[in-house]
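Visitor: Just dropping this structure here.
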Amino acid sequence: MNFMENTKELILIHADMKQVSREYKDGVNIMLTPQFYTIKREEIPVKYSYQAKRIVPSLFDGLLENPEEYKYFVEKEDEDWLCIAYNPEEIKTFLEEKGILPEKVSKIYFAEQSAKQFTHPVLLGEKEALVNLGGTITIVPQIALNPDEKPMQITQDFIPKKGVAFEGRGKSFISTNEAYTLAAIFALFSVIYFVEGSRYGGDEAVEEAEMQTLLENYPSLQSSYTRKNIASKYKAIDTKERKKRDVIKSLSHMIFKGSKLNSMSIDDKRFKAQFSCKDASVTSKLKELAKKEKFTTSKIANSNDLKIEGTL
């Protein structure tokens with residue numbers, strides 16, 4: 001986590017929050033309640049978040065009004081991916097109504113990311129509370145709370161590792177004081193670089209002598225054949241991994257409205273993926289996309305679903 005972002009005040013944003021009167025000169029972090037986002041937890045057969053992010057919109061198909069206005073956040077949990085849909089413009093409008101300028105918002109977090117921190121209810125206004133209900137952050141009426149349970153306040157400890165920012169606001173937004181700090185750090189690096197550079201001439205000669213001694217002790221390293229074998233070995237490994245990434249990328253492009261990736265398996269030789277299709281026209285379009293990638297397709301009996309296979 002950015003240590004500078006972590007020092008900014010964290011404000012819990014909820015529908016019944018009071019008007020904010022103070023100005024946040026150096027920026028502020030906000031944490032949204034479930035009133036401002038929709039979540040799903042899914043087992044997505046991908047390794048990286050950017051891959052999951054391409055699949056996520058199809059998970060919310062039919063759940064959102066004006067889905068084109070939404071952005072998506074994904075984060076890997078134990079076995080599943082936490083998928084969150086949110087409307088930036090809707091959030092900006094609400095913040096402005098409450099006296100918080102969107103351009104002063106440094107990072108945006110979601111209460112669901114910090115579910116484990118909600119060990120006690122967090123009161124929202126006079127009628128509702130935020131609680132951890134079975135591992136999911138939920139808003140409940142305060143009247144439903146245990147009267148013996150003491151409420152808590154969110155603190156800096158609630159800030160998760162990842163967050164999002166409004167578009168147009170650079171990820172490297174820093175205050176004046178932080179800029180001075182970074183300037184000092186960079187100045188120190190420049191001095192170190194200068195000192196190390198002055199030593200480089202002597203170090204280069206030493207390294208050259210060490211390399212010569214190594215080659216004399218191990219003549220096989222001087223053989224271009226040996227070096228090519230070493231290079232080809234690692235090139236083969238990289239090629240396999242690259243093919244896997246290319247297949248996942250191709251399959252992610254096959255996810256569109258009416259098409260959903262249900263399952264996928266991949267190893268060093270083959271891959272299999274099964275898509276659910278809303279109707280026959282979606283199945284037909286999916287077949288065309290698979291054909292362009294030279295993948296094999298087969299229709300699932302008594303349905304519009306499609307199985308796509310191929311070799312690496």
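Ordering of the structure tokens sets the chain letters (A, B, ...); residue numbers start at 1 within each chain; ligands are numbered from 1 in the order shown.
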For segment 42-54 of chain A, work out the shell of residues within 12 Å, counting only C-alpha atoms and skipping chain neighbours fewer than 4 positions away, then give it as an MDAnalysis selection string.
Guide: chainID A and resid 58:60 71:85 162 241 244:256 260:266 271:274
Visitor: List every residue of segment 23-77 of chain A that DSSP, applied to the backbone of this structure, places in helix (DSSP H, G or I), and write the result as a list in words.
Guide: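 The helix (DSSP H, G or I) residues within segment 23-77 of chain A come out as Pro34, Gln35, Phe36, Ser49, Tyr50, Gln51, Ala52, Lys53, Arg54, Ile55, Val56, Pro57, Ser58, Leu59, Pro67, Glu68 and Glu69 of chain A.
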Visitor: Can you tell me, as a VMD selection string, what residues are no more than 12 Å from Gln153 of chain A when counting only C-alpha atoms, ignoring any on the same chain fewer than 3 positions away?
Guide: chain A and resid 10 to 12 117 to 124 129 to 131 150 156 to 158
